[in-house]
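Undergrad: Dropping in upload.txt, with compact mmCIF, C-alpha atoms.
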```
# COMPACT_ATOMS: atom_id res chain seq x y z
CA MET A 1 0.00 0.00 0.00
CA GLU A 2 2.71 2.49 -1.02
CA THR A 3 -0.05 4.79 -2.31
CA TRP A 4 -2.99 5.15 0.08
CA ALA A 5 -5.49 7.70 1.36
CA LEU A 6 -6.56 9.01 4.75
CA ILE A 7 -10.32 9.57 4.70
CA ASP A 8 -13.05 10.93 6.97
CA THR A 9 -16.81 11.35 6.71
CA GLU A 10 -19.52 13.42 8.32
CA THR A 11 -22.98 11.90 8.30
CA ASP A 12 -26.65 12.42 9.08
CA GLY A 13 -26.41 10.14 12.14
CA LEU A 14 -24.91 7.05 13.71
CA TYR A 15 -27.36 4.29 12.88
CA ALA A 16 -28.55 2.77 9.62
CA PRO A 17 -29.29 3.89 7.06
CA ILE A 18 -26.34 6.28 7.39
CA TYR A 19 -25.82 8.91 4.68
CA ALA A 20 -22.46 10.60 4.15
CA ILE A 21 -22.92 14.34 3.71
CA GLU A 22 -19.21 15.27 3.62
CA VAL A 23 -16.24 13.19 2.52
CA ALA A 24 -12.63 14.36 2.71
CA ALA A 25 -9.42 12.56 1.79
CA GLN A 26 -5.64 13.11 1.74
CA LYS A 27 -3.49 10.95 -0.52
CA PHE A 28 -0.12 9.65 0.66
CA GLU A 29 2.93 8.20 -1.06
CA GLY A 30 4.59 6.09 1.58
CA LEU A 31 4.67 8.24 4.71
CA THR A 32 4.33 11.57 2.89
CA PRO A 33 1.08 13.37 1.96
CA VAL A 34 0.87 14.38 -1.69
CA GLY A 35 -1.27 17.10 -3.21
CA GLU A 36 -4.09 19.06 -1.62
CA PRO A 37 -6.86 17.37 0.39
CA PHE A 38 -10.00 16.34 -1.47
CA ARG A 39 -13.40 17.45 -0.15
CA VAL A 40 -16.96 17.07 -1.36
CA PHE A 41 -20.41 17.66 0.13
CA ILE A 42 -23.16 15.22 -0.84
CA ASN A 43 -26.87 15.98 -1.17
CA HIS A 44 -28.96 12.81 -0.76
CA GLY A 45 -32.19 14.79 -0.58
CA ILE A 46 -32.67 14.01 3.12
CA GLU A 47 -33.28 16.09 6.22
CA ILE A 48 -30.24 16.51 8.48
CA PRO A 49 -31.35 15.83 12.10
CA LEU A 50 -30.64 18.52 14.66
CA GLU A 51 -28.51 16.07 16.70
CA ALA A 52 -26.18 15.65 13.71
CA THR A 53 -26.06 19.39 13.02
CA PHE A 54 -25.11 19.92 16.67
CA VAL A 55 -21.99 17.79 16.07
CA HIS A 56 -20.71 19.00 12.68
CA GLY A 57 -22.68 22.21 12.07
CA TYR A 58 -24.12 21.26 8.67
CA THR A 59 -27.81 22.01 8.16
CA THR A 60 -30.18 20.67 5.52
CA GLU A 61 -30.10 24.09 3.84
CA PHE A 62 -26.29 24.10 3.71
CA ILE A 63 -26.17 20.65 2.11
CA VAL A 64 -28.87 21.55 -0.44
CA LYS A 65 -26.85 24.62 -1.41
CA ASN A 66 -23.38 23.06 -1.42
CA GLY A 67 -23.90 19.33 -1.94
CA LEU A 68 -23.52 17.39 -5.18
CA PRO A 69 -25.73 14.47 -6.24
CA PRO A 70 -24.27 11.24 -4.80
CA GLU A 71 -23.34 9.78 -8.19
CA VAL A 72 -21.42 12.95 -9.13
CA ALA A 73 -19.73 13.23 -5.72
CA TYR A 74 -18.53 9.62 -5.72
CA SER A 75 -17.42 9.86 -9.35
CA GLN A 76 -15.13 12.71 -8.27
CA LEU A 77 -13.91 10.68 -5.28
CA ARG A 78 -13.16 7.70 -7.55
CA SER A 79 -11.23 9.91 -9.95
CA HIS A 80 -9.18 11.20 -7.02
CA LEU A 81 -8.54 7.89 -5.23
CA GLY A 82 -8.95 5.04 -7.67
CA GLU A 83 -8.50 1.65 -5.97
CA ILE A 84 -5.94 2.52 -3.29
CA PRO A 85 -6.23 1.41 0.38
CA ILE A 86 -8.26 3.58 2.74
CA VAL A 87 -7.22 4.59 6.27
CA SER A 88 -9.36 6.44 8.80
CA HIS A 89 -9.46 7.29 12.50
CA PHE A 90 -12.36 4.90 13.01
CA LEU A 91 -12.17 2.69 9.96
CA GLN A 92 -14.96 0.43 11.16
CA PHE A 93 -17.31 3.40 11.09
CA ASP A 94 -16.16 5.29 8.00
CA TRP A 95 -15.77 2.17 5.83
CA ASN A 96 -17.95 -0.56 7.36
CA ARG A 97 -20.93 1.53 8.43
CA VAL A 98 -20.86 4.55 6.09
CA LEU A 99 -19.06 4.20 2.77
CA PHE A 100 -19.42 0.50 1.93
CA PRO A 101 -23.19 0.38 2.71
CA GLU A 102 -23.61 3.62 0.74
CA TYR A 103 -21.84 2.17 -2.30
CA LYS A 104 -24.13 -0.84 -2.08
CA ARG A 105 -27.24 1.33 -1.69
CA LEU A 106 -26.23 3.44 -4.70
CA ASN A 107 -25.27 0.32 -6.69
CA ILE A 108 -21.77 1.60 -7.44
CA LYS A 109 -18.47 -0.25 -7.25
CA PRO A 110 -16.60 0.38 -3.96
CA ILE A 111 -13.96 3.09 -4.11
CA GLY A 112 -10.69 1.87 -2.65
CA LYS A 113 -10.31 -0.94 -0.13
CA PRO A 114 -9.84 -1.09 3.66
CA GLY A 115 -6.34 -0.39 4.97
CA PHE A 116 -5.61 0.17 8.68
CA CYS A 117 -7.28 2.20 11.42
CA SER A 118 -5.31 5.23 12.64
CA TRP A 119 -7.13 5.04 16.00
CA GLY A 120 -5.77 1.51 16.44
CA LEU A 121 -2.35 2.72 15.31
CA SER A 122 -2.48 5.56 17.85
CA ARG A 123 -3.34 3.13 20.66
CA ARG A 124 -0.19 1.21 19.83
CA ALA A 125 2.15 4.12 19.10
CA LEU A 126 1.01 6.41 21.95
CA PRO A 127 0.51 4.04 24.91
CA GLU A 128 1.04 6.84 27.43
CA HIS A 129 -2.46 8.21 26.71
CA LEU A 130 -5.59 6.73 28.28
CA THR A 131 -7.76 7.84 25.36
CA HIS A 132 -7.03 8.20 21.65
CA ARG A 133 -10.12 10.09 20.54
CA LEU A 134 -9.17 12.56 17.86
CA ASP A 135 -10.55 15.55 19.79
CA PHE A 136 -8.30 14.70 22.75
CA LEU A 137 -5.22 14.19 20.54
CA ARG A 138 -6.02 17.39 18.64
CA ASP A 139 -6.01 19.41 21.86
CA PHE A 140 -3.03 17.61 23.42
CA TYR A 141 -0.73 17.98 20.39
CA ASP A 142 -2.26 21.22 19.04
CA LEU A 143 -2.91 19.49 15.72
CA GLN A 144 -3.52 21.49 12.57
CA CYS A 145 -7.26 21.70 11.94
CA SER A 146 -9.18 24.31 9.95
CA GLN A 147 -12.60 23.21 11.28
CA SER A 148 -13.05 20.67 14.06
CA HIS A 149 -15.72 17.98 13.62
CA SER A 150 -15.69 18.42 9.85
CA ALA A 151 -14.39 15.69 7.55
CA LEU A 152 -11.74 18.03 6.13
CA GLY A 153 -10.66 19.27 9.57
CA ASP A 154 -10.40 15.72 10.92
CA VAL A 155 -8.34 14.65 7.89
CA GLU A 156 -6.03 17.64 8.47
CA ALA A 157 -5.69 16.82 12.17
CA THR A 158 -5.02 13.12 11.57
CA THR A 159 -2.49 13.92 8.84
CA ASP A 160 -0.65 16.21 11.27
CA LEU A 161 -0.83 13.55 14.00
CA LEU A 162 0.67 10.88 11.74
CA GLN A 163 3.34 13.09 10.18
CA ARG A 164 4.49 14.99 13.25
CA ILE A 165 3.92 12.51 16.10
CA VAL A 166 3.26 8.90 15.08
CA PHE A 167 5.48 8.27 12.04
CA PRO A 168 8.64 9.81 13.61
CA ARG A 169 8.11 7.75 16.77
CA LEU A 170 7.74 4.55 14.74
CA SER A 171 10.76 5.39 12.59
CA GLU A 172 12.90 5.50 15.75
CA ILE A 173 12.18 1.79 16.33
CA GLY A 174 12.62 0.69 12.71
CA PHE A 175 9.04 0.91 11.44
CA ASP A 176 9.99 3.44 8.80
CA THR A 177 7.94 2.41 5.75
CA ILE A 178 4.19 2.31 5.19
CA LYS A 179 4.38 -1.48 4.95
CA LYS A 180 5.99 -1.63 8.39
CA VAL A 181 3.52 0.93 9.77
CA TYR A 182 0.66 -1.32 8.61
CA GLU A 183 2.37 -4.24 10.38
CA PHE A 184 2.60 -2.19 13.59
CA ALA A 185 -1.01 -0.98 13.29
CA THR A 186 -2.27 -4.58 13.33
CA MET A 187 0.26 -6.07 15.80
CA ARG A 188 -1.01 -8.06 18.79
CA PRO A 189 -0.87 -8.16 21.72
CA LEU A 190 -0.83 -4.45 22.42
CA LEU A 191 1.73 -5.04 25.17
CA ARG A 192 4.27 -5.95 22.50
CA CYS A 193 3.71 -2.57 20.84
CA LYS A 194 4.08 -0.77 24.16
CA CYS A 195 7.37 -2.56 24.81
CA LEU A 196 8.73 -1.61 21.40
CA ILE A 197 7.76 2.05 21.87
CA GLN A 198 9.05 2.31 25.43
CA LYS A 199 12.09 0.08 24.80
CA LEU A 200 11.08 -2.54 27.36
CA ASP A 201 11.79 -6.27 27.29
CA TYR A 202 8.57 -8.01 26.28
CA ASP A 203 9.15 -11.24 28.23
CA THR A 204 9.95 -9.27 31.38
CA GLU A 205 6.86 -7.10 30.98
CA ALA A 206 4.65 -10.10 30.25
CA ARG A 207 5.81 -11.70 33.49
CA ARG A 208 5.25 -8.43 35.33
CA VAL A 209 1.70 -8.21 33.98
CA ALA A 210 1.01 -11.80 35.00
CA LEU A 211 2.30 -11.11 38.52
CA ALA A 212 0.30 -7.88 38.64
CA LYS A 213 -2.87 -9.86 37.97
CA VAL A 214 -2.07 -12.04 40.98
CA GLU A 215 -1.51 -8.93 43.10
CA GLU A 216 -4.71 -7.42 41.73
CA GLN A 217 -6.59 -10.46 42.95
CA LYS A 218 -5.15 -9.89 46.42
CA LYS A 219 -6.10 -6.22 46.31
CA ARG A 220 -9.68 -7.14 45.46
CA GLU A 221 -9.91 -8.93 48.79
CA ILE A 222 -9.41 -5.64 50.60
CA VAL A 223 -12.59 -4.30 52.15
CA VAL A 224 -12.65 -0.54 52.67
CA ASP A 225 -14.46 0.08 55.97
CA THR A 226 -15.88 3.53 55.51
CA TYR A 227 -16.79 5.89 52.69
CA ASN A 228 -15.48 8.82 54.72
CA GLU A 229 -11.89 7.66 54.25
CA ILE A 230 -12.15 7.82 50.47
CA ASN A 231 -10.89 10.97 48.75
CA SER A 232 -11.42 9.99 45.12
CA TYR A 233 -13.17 6.97 43.71
CA PRO A 234 -11.74 7.56 40.20
CA ASP A 235 -8.25 7.34 41.72
CA LEU A 236 -9.16 4.13 43.56
CA ILE A 237 -10.67 2.57 40.44
CA ILE A 238 -7.53 3.36 38.43
CA GLU A 239 -5.17 2.34 41.25
CA HIS A 240 -6.86 -1.05 41.62
CA GLU A 241 -7.03 -1.51 37.81
CA LEU A 242 -10.76 -2.12 37.85
CA ILE A 243 -11.41 -0.78 34.33
CA ASP A 244 -11.73 -3.49 31.68
CA GLU A 245 -9.53 -2.29 28.82
CA ASP A 246 -9.56 -5.35 26.56
CA HIS A 247 -12.92 -6.95 27.41
CA GLU A 248 -15.07 -7.71 24.37
CA ILE A 249 -18.32 -5.80 24.84
CA LEU A 250 -21.40 -7.92 24.15
CA PHE A 251 -24.77 -6.27 23.58
CA SER A 252 -27.55 -8.82 23.19
CA GLY A 253 -29.49 -9.03 26.47
CA ARG A 254 -26.83 -7.10 28.44
CA LYS A 255 -27.71 -4.15 30.66
CA PHE A 256 -25.84 -0.83 30.43
CA LEU A 257 -25.65 2.06 32.91
CA PHE A 258 -23.80 5.38 32.59
CA THR A 259 -21.92 7.70 34.91
CA GLY A 260 -20.30 11.03 34.04
CA LYS A 261 -21.07 13.24 31.05
CA MET A 262 -20.25 11.63 27.71
CA ALA A 263 -17.92 13.15 25.11
CA MET A 264 -19.64 11.51 22.12
CA GLY A 265 -22.97 13.25 22.73
CA PRO A 266 -26.09 12.87 24.88
CA ARG A 267 -26.74 9.58 26.65
CA SER A 268 -30.01 9.25 24.73
CA LEU A 269 -28.02 8.76 21.53
CA ALA A 270 -25.79 6.12 23.14
CA ARG A 271 -28.90 4.36 24.48
CA LYS A 272 -30.43 4.23 21.00
CA ASN A 273 -27.28 2.71 19.54
CA ILE A 274 -26.99 0.16 22.35
CA GLN A 275 -30.64 -0.81 21.96
CA ALA A 276 -30.16 -1.15 18.19
CA LYS A 277 -27.56 -3.83 18.92
CA GLY A 278 -29.84 -5.67 21.34
CA GLY A 279 -28.60 -4.12 24.57
CA ILE A 280 -30.79 -2.93 27.45
CA THR A 281 -30.60 0.52 29.05
CA PRO A 282 -32.72 0.59 32.25
CA THR A 283 -34.48 3.82 33.15
CA SER A 284 -33.34 3.44 36.78
CA ASN A 285 -29.94 4.85 37.75
CA HIS A 286 -29.45 2.17 40.40
CA LEU A 287 -26.31 0.06 39.93
CA GLY A 288 -27.88 -3.26 40.86
CA ASP A 289 -26.50 -6.76 40.53
CA ASP A 290 -28.21 -7.12 37.16
CA ILE A 291 -26.06 -4.45 35.45
CA ASP A 292 -23.43 -5.84 33.07
CA TYR A 293 -21.63 -2.64 32.06
CA LEU A 294 -21.00 0.68 33.79
CA ILE A 295 -19.93 3.13 31.09
CA LEU A 296 -17.56 5.90 32.18
CA GLY A 297 -18.44 9.12 30.32
CA GLU A 298 -15.26 10.90 29.20
CA SER A 299 -16.31 14.52 28.77
CA ARG A 300 -13.28 16.70 29.40
CA ASP A 301 -15.12 18.97 31.85
CA ALA A 302 -17.73 16.73 33.51
CA GLY A 303 -16.68 13.15 32.84
CA TRP A 304 -16.31 10.32 35.34
CA THR A 305 -12.99 11.60 36.75
CA ALA A 306 -14.85 14.67 38.06
CA LEU A 307 -17.18 12.48 40.17
CA LEU A 308 -14.95 12.12 43.20
CA HIS A 309 -17.25 10.90 45.97
CA GLY A 310 -19.94 8.24 46.33
CA GLY A 311 -22.60 7.51 43.75
CA LYS A 312 -22.32 4.80 41.12
CA LEU A 313 -18.51 4.91 41.15
CA ALA A 314 -18.45 4.03 44.84
CA THR A 315 -20.93 1.21 44.34
CA ALA A 316 -18.95 -0.12 41.38
CA PHE A 317 -15.70 0.05 43.36
CA PHE A 318 -17.07 -1.98 46.25
CA LYS A 319 -18.73 -4.51 43.94
CA LYS A 320 -15.45 -5.17 42.11
CA ILE A 321 -13.26 -5.17 45.21
CA ASN A 322 -15.49 -7.42 47.29
CA ASN A 323 -16.55 -9.79 44.51
CA PRO A 324 -13.91 -10.51 41.85
CA LYS A 325 -16.42 -12.74 40.03
CA SER A 326 -19.00 -9.96 39.73
CA LYS A 327 -20.59 -9.79 36.28
CA LEU A 328 -20.09 -6.01 36.29
CA HIS A 329 -17.59 -4.59 33.79
CA ILE A 330 -16.37 -1.00 34.13
CA ILE A 331 -15.82 0.31 30.60
CA ARG A 332 -14.52 3.62 29.26
CA GLU A 333 -16.76 5.48 26.80
CA GLU A 334 -14.01 5.21 24.18
CA PHE A 335 -14.26 1.41 24.17
CA LEU A 336 -18.07 1.47 24.07
CA ARG A 337 -17.86 3.71 21.02
CA ALA A 338 -15.39 1.37 19.33
CA ALA A 339 -17.72 -1.58 20.01
CA LEU A 340 -20.75 0.32 18.68
CA LEU A 341 -18.88 1.16 15.49
CA GLY A 342 -17.71 -2.42 15.04
```
For this file, produce the structure as structure tokens.
TA:
Amino acid sequence: METWALIDTETDGLYAPIYAIEVAAQKFEGLTPVGEPFRVFINHGIEIPLEATFVHGYTTEFIVKNGLPPEVAYSQLRSHLGEIPIVSHFLQFDWNRVLFPEYKRLNIKPIGKPGFCSWGLSRRALPEHLTHRLDFLRDFYDLQCSQSHSALGDVEATTDLLQRIVFPRLSEIGFDTIKKVYEFATMRPLLRCKCLIQKLDYDTEARRVALAKVEEQKKREIVVDTYNEINSYPDLIIEHELIDEDHEILFSGRKFLFTGKMAMGPRSLARKNIQAKGGITPTSNHLGDDIDYLILGESRDAGWTALLHGGKLATAFFKKINNPKSKLHIIREEFLRAALLG
């Protein structure tokens, strides 16, 4: 995949049928972007819901004025990209849930083919971060972006992230071609990637992780006597490693509860997407024994780390500490989103 393209879409929503209303792309030769970014707005003749406009700012009137008919828009995209591999910062969404179903709906041949996911690459190349959402990385690294939450702006930001942060870091450890970057982006387990980046011995770290799991089991036997002695439940949850980072989220028949404001939008939208996959979202806020997943909202200003005392975090902490076999999984919003897009 010496020649490839970074792509992003903005849509009318998150659940089928999903219509792309903006598509942007940046072509690369190896590790270097070539030419100017491509951008097109697409008018499918649909109403843009207010929830979608709230995210990207595009109204129905704007798309009617600036959008091209789908066949014309995708003809231009095909002329620009041809059959090269496609990369995106949530490839499962942009390709699997937006572009490929749209090609099928329009009865046109797919443009390009799936490459790797730059979100997955970022998880491997930047293990020091707890989240790899593009808005977080954009703020942390002051990434170039002409318009946040637009397809073009997200392509610009991801291009800057790859060129200025990710590719140089990978080059330092010998992953200095796009073929090797692809290899790194799909490498498992993630611990191996972390060891390569941080120059650690994998066998030593694997043993350390195994021993840490034994120690974690011992920690879970600790019973904290009083709530008054607790200063921060987020700190305790992180310290005792109670967040499930690699658990496969199942939806059918499972019950989901939320705590903390979400970064991806209102909880009502997350509930709809969970329910569409067969999950259950009780109206009660009680963290009972029947709850399978507690989702930690990751809003920068009012997320779960701002909820220091009591509440659902305290209940979850005691459930996990006192009962290692509890069915409850504590999951970050980022991993819920990845599962929903899968």
Undergrad: Out of A:Phe256, A:Tyr103, A:Phe38, A:Tyr293, which residue has the shortest atom-to-atom distance to A:Leu77 when counting all atoms listed in the file?
TA: A:Phe38
Undergrad: For the atom pair atom CA of A:Lys179 and atom CA of A:Met1, what is the interatomic distance in Å to one decimal place?
TA: 6.8 Å
Undergrad: In terms of the shortest atom-to-atom distance over only C-alpha atoms, which of A:Leu134, A:Ala210, A:Leu126, A:Ala20 is closest to A:Glu102?
TA: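 Between A:Leu134, A:Ala210, A:Leu126, A:Ala20, the residue approaching A:Glu102 most closely is A:Ala20.
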Undergrad: Counting all atoms listed in the file, give me one row per residue of stretch 23-48 of chain A with an atom at most 12 Å from an atom of stretch 105-115 of chain A, showing the shortest contact pair and its distance in Å to one decimal, sorted by chain then residue number, as JSON lines.
TA:
```
{"residue": "A:Ala25", "atom": "CA", "partner": "A:Gly112", "partner_atom": "CA", "distance": 11.6}
{"residue": "A:Lys27", "atom": "CA", "partner": "A:Gly112", "partner_atom": "CA", "distance": 11.8}
{"residue": "A:His44", "atom": "CA", "partner": "A:Leu106", "partner_atom": "CA", "distance": 10.5}
```
Undergrad: Using only C-alpha atoms, find each residue in stretch 145-213 of chain A having at least one atom no more than 10 Å away from stretch 52-70 of chain A; report its shortest atom-to-atom pair and that distance in Å (one decimal), rows by chain then rising number, as CSV.
TA:
```
residue,atom,partner,partner_atom,distance
A:Gln147,CA,A:His56,CA,9.2
A:Ser148,CA,A:His56,CA,8.0
A:His149,CA,A:His56,CA,5.2
A:Ser150,CA,A:His56,CA,5.8
A:Ala151,CA,A:His56,CA,8.8
```
Undergrad: Please, what distance in Å, to one decimal, runs between atom CA of A:Trp95 and atom CA of A:Asp8?
TA: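 Between these atoms lies a distance of 9.2 Å.
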Undergrad: Suppose you want the space between atom CA of A:Ser88 and atom CA of A:Glu334; what is it in Å?
TA: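 Distance reported for this atom pair: 16.1 Å.
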Undergrad: Return the single residue from A:Met262, A:Cys117, A:Ala24, A:Leu81 that is closest to A:Arg337, with distances computed using only C-alpha atoms.
TA: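 Closest to A:Arg337 of all the choices is A:Met262.
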Undergrad: Need to verify the contact set: A:Leu287, 12 Å, all atoms listed in the file, exclusion of same-chain residues closer than 6 positions in sequence. Can you return it as a count of residues only?
TA: 22
Undergrad: Looking at all atoms listed in the file, which of A:Asn285, A:Ser299, A:Thr3, A:Thr11 is the one that sits closest to A:Met264?
TA: A:Ser299
Undergrad: Please list as a list in words every residue within 8 Å of A:Leu31, counting all atoms listed in the file and excluding residues in the same chain fewer than 3 positions away.
TA: Phe28, Gln163, Phe167, Thr177 and Ile178 of chain A
Undergrad: When you look at A:Gly303 with a cut-off of 9 Å (counting all atoms listed in the file), what residues show up, excluding the ones that are within fewer than 6 positions of it in the same chain? I need them as a PyMOL selection string.
TA: chain A and resi 259-263+296-297
Undergrad: Counting all atoms listed in the file, find the residues whose atoms lie at most 10 Å from (-28.1, 8.0, 9.1) (file coordinates) and write them out as a PDB file with C-alpha atoms, keeping the file's coordinate frame.
TA:
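Contents of selection_19.pdb, freshly written:
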```pdb
ATOM      1  CA  THR A  11     -22.980  11.900   8.300  1.00  0.00           C
ATOM      2  CA  ASP A  12     -26.650  12.420   9.080  1.00  0.00           C
ATOM      3  CA  GLY A  13     -26.410  10.140  12.140  1.00  0.00           C
ATOM      4  CA  LEU A  14     -24.910   7.050  13.710  1.00  0.00           C
ATOM      5  CA  TYR A  15     -27.360   4.290  12.880  1.00  0.00           C
ATOM      6  CA  ALA A  16     -28.550   2.770   9.620  1.00  0.00           C
ATOM      7  CA  PRO A  17     -29.290   3.890   7.060  1.00  0.00           C
ATOM      8  CA  ILE A  18     -26.340   6.280   7.390  1.00  0.00           C
ATOM      9  CA  TYR A  19     -25.820   8.910   4.680  1.00  0.00           C
ATOM     10  CA  ALA A  20     -22.460  10.600   4.150  1.00  0.00           C
ATOM     11  CA  ILE A  21     -22.920  14.340   3.710  1.00  0.00           C
ATOM     12  CA  ILE A  46     -32.670  14.010   3.120  1.00  0.00           C
ATOM     13  CA  ILE A  48     -30.240  16.510   8.480  1.00  0.00           C
ATOM     14  CA  PRO A  49     -31.350  15.830  12.100  1.00  0.00           C
ATOM     15  CA  ALA A  52     -26.180  15.650  13.710  1.00  0.00           C
ATOM     16  CA  ARG A  97     -20.930   1.530   8.430  1.00  0.00           C
ATOM     17  CA  VAL A  98     -20.860   4.550   6.090  1.00  0.00           C
TER      18      VAL A  98
END
```
Undergrad: Between A:Thr9, A:Asp292, A:Lys320, A:Thr131, single out the one closest to A:Asn96, counting only C-alpha atoms.
TA: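 Checking each candidate against A:Asn96, we get A:Thr9 as the closest.
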Undergrad: Can you pull out every residue within 10 Å of A:Leu236, counting only C-alpha atoms, but drop anything in the same chain fewer than 4 positions away, and send it as a ChimeraX atom specification?
TA: /A:230-232,240-242,308,313-314,317
Undergrad: What's around A:Leu250 at 12 Å? Count only C-alpha atoms, leave out sequence neighbours fewer than 3 positions away in its own chain, and write the answer as a list of chain:residue names.
TA: A:His247, A:Gly253, A:Arg254, A:Lys255, A:Phe256, A:Ile274, A:Gln275, A:Lys277, A:Gly278, A:Gly279, A:Ile280, A:Asp292, A:Tyr293, A:His329, A:Ile331, A:Phe335, A:Leu336, A:Ala339, A:Leu340, A:Gly342
Undergrad: Which residue, A:Val40, A:Pro168, A:Glu128, A:Glu239, has the smallest gap to A:Arg78 when you use all atoms listed in the file?
TA: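 Closest to A:Arg78, using all atoms listed in the file: A:Val40.
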Undergrad: Just add N, CA and C atoms to stretch 259-279 of chain A and send it as a short mmCIF file (atom, residue, chain, number, x, y, z; two decimals), keeping the file's coordinate frame.
TA:
```cif
data_model
loop_
_atom_site.label_atom_id
_atom_site.label_comp_id
_atom_site.auth_asym_id
_atom_site.auth_seq_id
_atom_site.Cartn_x
_atom_site.Cartn_y
_atom_site.Cartn_z
N THR A 259 -22.27 6.72 33.89
CA THR A 259 -21.92 7.70 34.91
C THR A 259 -20.95 8.71 34.30
N GLY A 260 -21.12 9.97 34.64
CA GLY A 260 -20.30 11.03 34.04
C GLY A 260 -20.85 11.46 32.69
N LYS A 261 -20.63 12.71 32.33
CA LYS A 261 -21.07 13.24 31.05
C LYS A 261 -20.26 12.62 29.93
N MET A 262 -20.92 12.30 28.82
CA MET A 262 -20.25 11.63 27.71
C MET A 262 -19.68 12.64 26.72
N ALA A 263 -18.54 12.29 26.11
CA ALA A 263 -17.92 13.15 25.11
C ALA A 263 -18.57 12.99 23.75
N MET A 264 -19.12 11.79 23.46
CA MET A 264 -19.64 11.51 22.12
C MET A 264 -21.03 12.08 21.88
N GLY A 265 -21.65 12.69 22.90
CA GLY A 265 -22.97 13.25 22.73
C GLY A 265 -23.88 12.85 23.87
N PRO A 266 -25.16 13.18 23.78
CA PRO A 266 -26.09 12.87 24.88
C PRO A 266 -26.25 11.37 25.10
N ARG A 267 -26.55 11.00 26.34
CA ARG A 267 -26.74 9.58 26.65
C ARG A 267 -27.87 8.97 25.83
N SER A 268 -28.87 9.78 25.49
CA SER A 268 -30.01 9.25 24.73
C SER A 268 -29.55 8.66 23.41
N LEU A 269 -28.54 9.28 22.79
CA LEU A 269 -28.02 8.76 21.53
C LEU A 269 -27.29 7.44 21.75
N ALA A 270 -26.49 7.37 22.82
CA ALA A 270 -25.79 6.12 23.14
C ALA A 270 -26.80 5.02 23.44
N ARG A 271 -27.87 5.35 24.16
CA ARG A 271 -28.90 4.36 24.48
C ARG A 271 -29.53 3.79 23.20
N LYS A 272 -29.82 4.67 22.26
CA LYS A 272 -30.43 4.23 21.00
C LYS A 272 -29.52 3.25 20.27
N ASN A 273 -28.22 3.57 20.24
CA ASN A 273 -27.28 2.71 19.54
C ASN A 273 -27.09 1.37 20.26
N ILE A 274 -27.08 1.40 21.59
CA ILE A 274 -26.99 0.16 22.35
C ILE A 274 -28.22 -0.70 22.13
N GLN A 275 -29.39 -0.08 22.17
CA GLN A 275 -30.64 -0.81 21.96
C GLN A 275 -30.71 -1.38 20.55
N ALA A 276 -30.16 -0.65 19.57
CA ALA A 276 -30.16 -1.15 18.19
C ALA A 276 -29.34 -2.42 18.04
N LYS A 277 -28.38 -2.62 18.95
CA LYS A 277 -27.56 -3.83 18.92
C LYS A 277 -28.07 -4.90 19.89
N GLY A 278 -29.25 -4.67 20.47
CA GLY A 278 -29.84 -5.67 21.34
C GLY A 278 -29.57 -5.47 22.81
N GLY A 279 -28.88 -4.39 23.17
CA GLY A 279 -28.60 -4.12 24.57
C GLY A 279 -29.79 -3.50 25.29
#
```
